Amino acid sequence: MAENNRAVIKLKEKFASSIIDVVEFRGEVTVTVKKDSILDVLLFLKQSLQYNLLTDVTAVDYLGKKEERFMMVYQLYSIPNKDRLRIKTPVTEADCTVPSATQVWGTANWLEREVFDLFGIIFDKHPDLRRILMTDDWVGHPLRKDYPLQGPDREPYKGRLS
Amino acid sequence: MATTETMTLNMGPQHPSTHGVLRLVLELDGEIITKVTPHIGYLHRGVEKLSEHRTYHQILPLTDRLDYLAPMHNNLGYILAVEKLMDVQVPERAETIRIIMAELTRLQSHLVWVACHALDIGAMTVFIYAFRERETVMELYELISGARMTSNFFRVGGLSQDVPDEFVKRVSDFIDVMPGYLDQYEGLLTTNPIWLKRTVGNGVISAEDAIDFGLTGPALRGSGVDWDLRRDNPYGGYEKYQFKVPVGVECDTFDRYKVRLVEMREACKIIRQALDRLKPGPVLADNPQVCYPPKENVYNSIEGLIHHFKIASEGFPAPEGEVYQGVENPKGELGFYIVSDGGNKPQRLRIRPPSFVNLQAIEQMSLGSMIADLVAVIGTLDIVLGEIDR
């Protein structure tokens, strides 16, 4: 159960007021925290609970489905304890800025650049926030739900006509 | 008074030793590298965006176009993530065949790596030898799936079809001779003075730095971190197999070379154990909500045809939730993160590409070395641009 997870117990002790939600699904524990404390939570997990490998940083766009449009997702792994933990934090469209995790892990550099490129989320204090997959002069952020699949200024694909 | 200034040199994207379309902008002080700025994205096809508009079965063919040197491993990672989301149990025979194919894929990916890595450094013979063995694996791919690279062979709940009778013998013959071939490559490289000069002490990255940069797979094990997802977080039945996990000591290109060669020998042992476990039985789970019906039902009954049509056209609804499945790809940890909103298409499919994260360490590993050594660093990272750019 999620309540017995070693990280969840410690996080509830230390960051009781910041935790929004704890979910367990298919044996995977997800902790949602407030944006203000995300860096403190990540640093605490790395330094005190041995979550030393940042596997992935990504975002999800919940346009029209949730009040806060974006959700930042951090996948952590602990090589000594061999377990995973997922930390999420909601981000509103109006205040689309998240503190950068590059101070905690070097990996975050490119992963956050990708999130910036494809979702348009700004990372505060990121050392090198440039587009990474799209060209520098690209307009728009392709993984946003309101960005058309076929690209801008093109008719949607209607299937084969023959 | 004489002044010195650094020179900027552009390398790639059409450079033979960048393994695809990688562009590096180098700052050089004479021939010494002082800064490396990689530029990627030339092969970006928007796989993650496309996946949001397809059913779970339709996404599968996109995944084997990511890391085109290890297509079946990409399929496996994606399929396992969907099976975790849908809570599907896979029959034993399907699981065993998946492991055989996953390890053959590891062999062929490492064969291409040893071939190209050696060619970049100047050893041409190994290139020809390793591609000869890779051809055998390609023929096995063709035998079971009909395609040499874009296999699309696994299905949610099992396999698309059973393997032909001759499959077991041909795999068995191949892994009987493979260790001998590995000795041949080692004979050409391991004690070769030129090879040693080019690889020993090149591209050093300490264990702490490697973890900080998120390196996974052989790149991390070469730095002495004893961690393998197949052993430490087993997936898809790997807990039933015995194998050693090699680790390096010196954290350099030569140790990563040795780690990969031992991995190939261990892959042969895993395939042998899997062949011994292979028993006749079904290859697709009996789960009509999610799985395709058997082909004889589709051809011979109207109900089977309707069932097939329904699964192929509208797929299946997935429960609301999110799963992450990481697998030990030949390059490192390949992860699939699926967020489902309860519909038949994912709300978000995130691919965690090992090559993308590993490539980030290139500057750390090549600062202060010569341009020619950078080529060895690119080779030892074992990147595939199809996966970096997605």
# chains A, B, ... in the order shown; residues from 1 in each chain; ligands from 1
$ interface_residues --of "chain A" --to "chain B" --cutoff "8 Å" --atoms "only C-alpha atoms" --output "number ranges by chain"
A: 25-26, 28, 52-56, 58, 60-61, 79, 82, 105-107, 110-111, 132-135, 142-143, 149
$ select_by_dssp --residues "range 10-154 of chain A" --states "helix (DSSP H, G or I)" --output "PyMOL selection string"
chain A and resi 10-14+35-48+101-103+108-119
$ write_last_selection --atoms "C-alpha atoms" --output "PDB file, in the first residue's frame"
ATOM      1  CA  LYS A  10       8.991  10.429   5.379  1.00  0.00           C
ATOM      2  CA  LEU A  11       7.460  12.941   2.971  1.00  0.00           C
ATOM      3  CA  LYS A  12       4.266  13.094   5.042  1.00  0.00           C
ATOM      4  CA  GLU A  13       6.350  13.790   8.123  1.00  0.00           C
ATOM      5  CA  LYS A  14       8.439  16.516   6.567  1.00  0.00           C
ATOM      6  CA  LYS A  35       4.829  23.712  -7.009  1.00  0.00           C
ATOM      7  CA  ASP A  36       6.436  25.940  -4.378  1.00  0.00           C
ATOM      8  CA  SER A  37       8.046  23.013  -2.584  1.00  0.00           C
ATOM      9  CA  ILE A  38       8.993  20.837  -5.582  1.00  0.00           C
ATOM     10  CA  LEU A  39      12.719  21.587  -5.389  1.00  0.00           C
ATOM     11  CA  ASP A  40      12.842  20.966  -1.620  1.00  0.00           C
ATOM     12  CA  VAL A  41      11.034  17.656  -2.066  1.00  0.00           C
ATOM     13  CA  LEU A  42      13.375  16.518  -4.863  1.00  0.00           C
ATOM     14  CA  LEU A  43      16.468  17.561  -2.926  1.00  0.00           C
ATOM     15  CA  PHE A  44      15.239  15.802   0.206  1.00  0.00           C
ATOM     16  CA  LEU A  45      14.493  12.607  -1.738  1.00  0.00           C
ATOM     17  CA  LYS A  46      17.948  12.660  -3.318  1.00  0.00           C
ATOM     18  CA  GLN A  47      19.952  13.469  -0.208  1.00  0.00           C
ATOM     19  CA  SER A  48      18.057  11.682   2.564  1.00  0.00           C
ATOM     20  CA  ALA A 101      15.882  20.718 -11.180  1.00  0.00           C
ATOM     21  CA  THR A 102      19.277  21.182 -12.844  1.00  0.00           C
ATOM     22  CA  GLN A 103      20.742  22.203  -9.471  1.00  0.00           C
ATOM     23  CA  ALA A 108      17.477  17.578 -15.867  1.00  0.00           C
ATOM     24  CA  ASN A 109      19.231  19.926 -18.299  1.00  0.00           C
ATOM     25  CA  TRP A 110      18.198  18.318 -21.601  1.00  0.00           C
ATOM     26  CA  LEU A 111      15.027  16.758 -20.240  1.00  0.00           C
ATOM     27  CA  GLU A 112      13.763  20.183 -19.151  1.00  0.00           C
ATOM     28  CA  ARG A 113      14.822  21.702 -22.459  1.00  0.00           C
ATOM     29  CA  GLU A 114      12.640  19.116 -24.159  1.00  0.00           C
ATOM     30  CA  VAL A 115       9.664  19.962 -21.926  1.00  0.00           C
ATOM     31  CA  PHE A 116      10.217  23.655 -22.676  1.00  0.00           C
ATOM     32  CA  ASP A 117      10.431  22.941 -26.408  1.00  0.00           C
ATOM     33  CA  LEU A 118       7.357  20.735 -26.663  1.00  0.00           C
ATOM     34  CA  PHE A 119       5.118  22.161 -23.899  1.00  0.00           C
TER      35      PHE A 119
END
$ atom_distance --atom1 "CA of Pro91 in chain B" --atom2 "CA of Leu284 in chain B"
6.4 Å
$ residues_around --residues "Arg231 in chain B" --least-positions-apart "6" --cutoff "12 Å" --atoms "only C-alpha atoms" --output "NGL selection string"
(:A and (82)) or (:B and (237-246 or 327-328))
$ write_last_selection --atoms "C-alpha atoms" --output "PDB file, in the first residue's frame"
ATOM      1  CA  LYS A  82      16.055  -0.482  -6.310  1.00  0.00           C
TER       2      LYS A  82
ATOM      3  CA  GLY B 237       9.877 -13.208 -16.854  1.00  0.00           C
ATOM      4  CA  TYR B 238      13.581 -12.305 -16.462  1.00  0.00           C
ATOM      5  CA  GLU B 239      13.467 -13.408 -12.806  1.00  0.00           C
ATOM      6  CA  LYS B 240      13.611 -17.037 -14.000  1.00  0.00           C
ATOM      7  CA  TYR B 241      17.005 -16.697 -15.668  1.00  0.00           C
ATOM      8  CA  GLN B 242      20.515 -16.766 -14.298  1.00  0.00           C
ATOM      9  CA  PHE B 243      23.079 -14.406 -15.751  1.00  0.00           C
ATOM     10  CA  LYS B 244      26.029 -12.302 -14.673  1.00  0.00           C
ATOM     11  CA  VAL B 245      26.019  -8.510 -14.820  1.00  0.00           C
ATOM     12  CA  PRO B 246      29.482  -7.276 -15.894  1.00  0.00           C
ATOM     13  CA  VAL B 327      13.274  -2.118 -19.689  1.00  0.00           C
ATOM     14  CA  GLU B 328      16.981  -2.769 -20.105  1.00  0.00           C
TER      15      GLU B 328
END
$ atom_distance --atom1 "CA of Phe167 in chain B" --atom2 "CA of Asp286 in chain B"
24.3 Å
$ residues_around --residues "Glu250 in chain B" --least-positions-apart "3" --cutoff "9 Å" --atoms "only C-alpha atoms" --output "list in words"
Val200, Gly201, Val204, Ile205, Ser206, Gly222, Ser223, Gly224, Thr253, Phe254 and Asp255 of chain B
$ write_last_selection --atoms "N, CA and C atoms" --output "PDB file, in the first residue's frame"
ATOM      1  N   VAL B 200      41.866   2.955 -24.031  1.00  0.00           N
ATOM      2  CA  VAL B 200      42.211   2.993 -22.607  1.00  0.00           C
ATOM      3  C   VAL B 200      42.403   4.444 -22.181  1.00  0.00           C
ATOM      4  N   GLY B 201      41.700   4.847 -21.132  1.00  0.00           N
ATOM      5  CA  GLY B 201      41.813   6.214 -20.619  1.00  0.00           C
ATOM      6  C   GLY B 201      41.024   7.234 -21.410  1.00  0.00           C
ATOM      7  N   VAL B 204      36.633   9.108 -19.944  1.00  0.00           N
ATOM      8  CA  VAL B 204      36.447   8.676 -18.547  1.00  0.00           C
ATOM      9  C   VAL B 204      35.308   9.468 -17.909  1.00  0.00           C
ATOM     10  N   ILE B 205      34.425   8.768 -17.212  1.00  0.00           N
ATOM     11  CA  ILE B 205      33.374   9.434 -16.441  1.00  0.00           C
ATOM     12  C   ILE B 205      33.191   8.648 -15.146  1.00  0.00           C
ATOM     13  N   SER B 206      33.295   9.344 -14.030  1.00  0.00           N
ATOM     14  CA  SER B 206      33.241   8.651 -12.738  1.00  0.00           C
ATOM     15  C   SER B 206      31.812   8.179 -12.445  1.00  0.00           C
ATOM     16  N   GLY B 222      29.898   0.428 -17.162  1.00  0.00           N
ATOM     17  CA  GLY B 222      31.315   0.627 -17.448  1.00  0.00           C
ATOM     18  C   GLY B 222      31.991   1.491 -16.403  1.00  0.00           C
ATOM     19  N   SER B 223      31.190   2.345 -15.718  1.00  0.00           N
ATOM     20  CA  SER B 223      31.738   3.182 -14.657  1.00  0.00           C
ATOM     21  C   SER B 223      31.665   2.497 -13.299  1.00  0.00           C
ATOM     22  N   GLY B 224      31.385   1.216 -13.282  1.00  0.00           N
ATOM     23  CA  GLY B 224      31.464   0.459 -12.044  1.00  0.00           C
ATOM     24  C   GLY B 224      30.194   0.422 -11.212  1.00  0.00           C
ATOM     25  N   THR B 253      36.526   3.999 -22.092  1.00  0.00           N
ATOM     26  CA  THR B 253      35.946   3.374 -23.277  1.00  0.00           C
ATOM     27  C   THR B 253      36.284   1.882 -23.345  1.00  0.00           C
ATOM     28  N   PHE B 254      37.492   1.525 -22.928  1.00  0.00           N
ATOM     29  CA  PHE B 254      37.883   0.121 -22.997  1.00  0.00           C
ATOM     30  C   PHE B 254      37.034  -0.734 -22.053  1.00  0.00           C
ATOM     31  N   ASP B 255      36.734  -0.225 -20.859  1.00  0.00           N
ATOM     32  CA  ASP B 255      35.910  -0.993 -19.927  1.00  0.00           C
ATOM     33  C   ASP B 255      34.475  -1.139 -20.428  1.00  0.00           C
TER      34      ASP B 255
END
$ closest_atom_pairs --of "range 63-145 of chain B" --to "range 161-164 of chain B" --cutoff "10 Å" --atoms "only C-alpha atoms" --output "JSON lines"
{"residue": "B:Arg93", "atom": "CA", "partner": "B:Asp162", "partner_atom": "CA", "distance": 9.1}
{"residue": "B:Ala94", "atom": "CA", "partner": "B:Asp162", "partner_atom": "CA", "distance": 8.2}
{"residue": "B:Ile97", "atom": "CA", "partner": "B:Val163", "partner_atom": "CA", "distance": 8.3}
{"residue": "B:Leu143", "atom": "CA", "partner": "B:Pro164", "partner_atom": "CA", "distance": 7.6}
{"residue": "B:Ile144", "atom": "CA", "partner": "B:Val163", "partner_atom": "CA", "distance": 5.6}
{"residue": "B:Ser145", "atom": "CA", "partner": "B:Gln161", "partner_atom": "CA", "distance": 8.5}
$ residues_around --residues "Met178 in chain B" --least-positions-apart "5" --cutoff "9 Å" --atoms "only C-alpha atoms" --output "PDB file with C-alpha atoms, in the first residue's frame"
ATOM      1  CA  GLU B 133      26.699 -12.433 -37.660  1.00  0.00           C
ATOM      2  CA  ASP B 173      22.801 -23.331 -34.008  1.00  0.00           C
ATOM      3  CA  ASP B 183      36.535 -14.842 -29.339  1.00  0.00           C
ATOM      4  CA  MET B 264      26.836 -10.603 -25.483  1.00  0.00           C
ATOM      5  CA  ARG B 265      28.151 -13.837 -23.989  1.00  0.00           C
ATOM      6  CA  CYS B 268      23.814 -16.332 -25.439  1.00  0.00           C
TER       7      CYS B 268
END
$ atom_distance --atom1 "CA of Leu196 in chain B" --atom2 "CA of Leu107 in chain B"
23.3 Å
$ closest_residue --among "B:Ile362, B:Val168, B:Leu261, B:Met138" --to "Pro280 in chain B" --atoms "only C-alpha atoms"
B:Val168
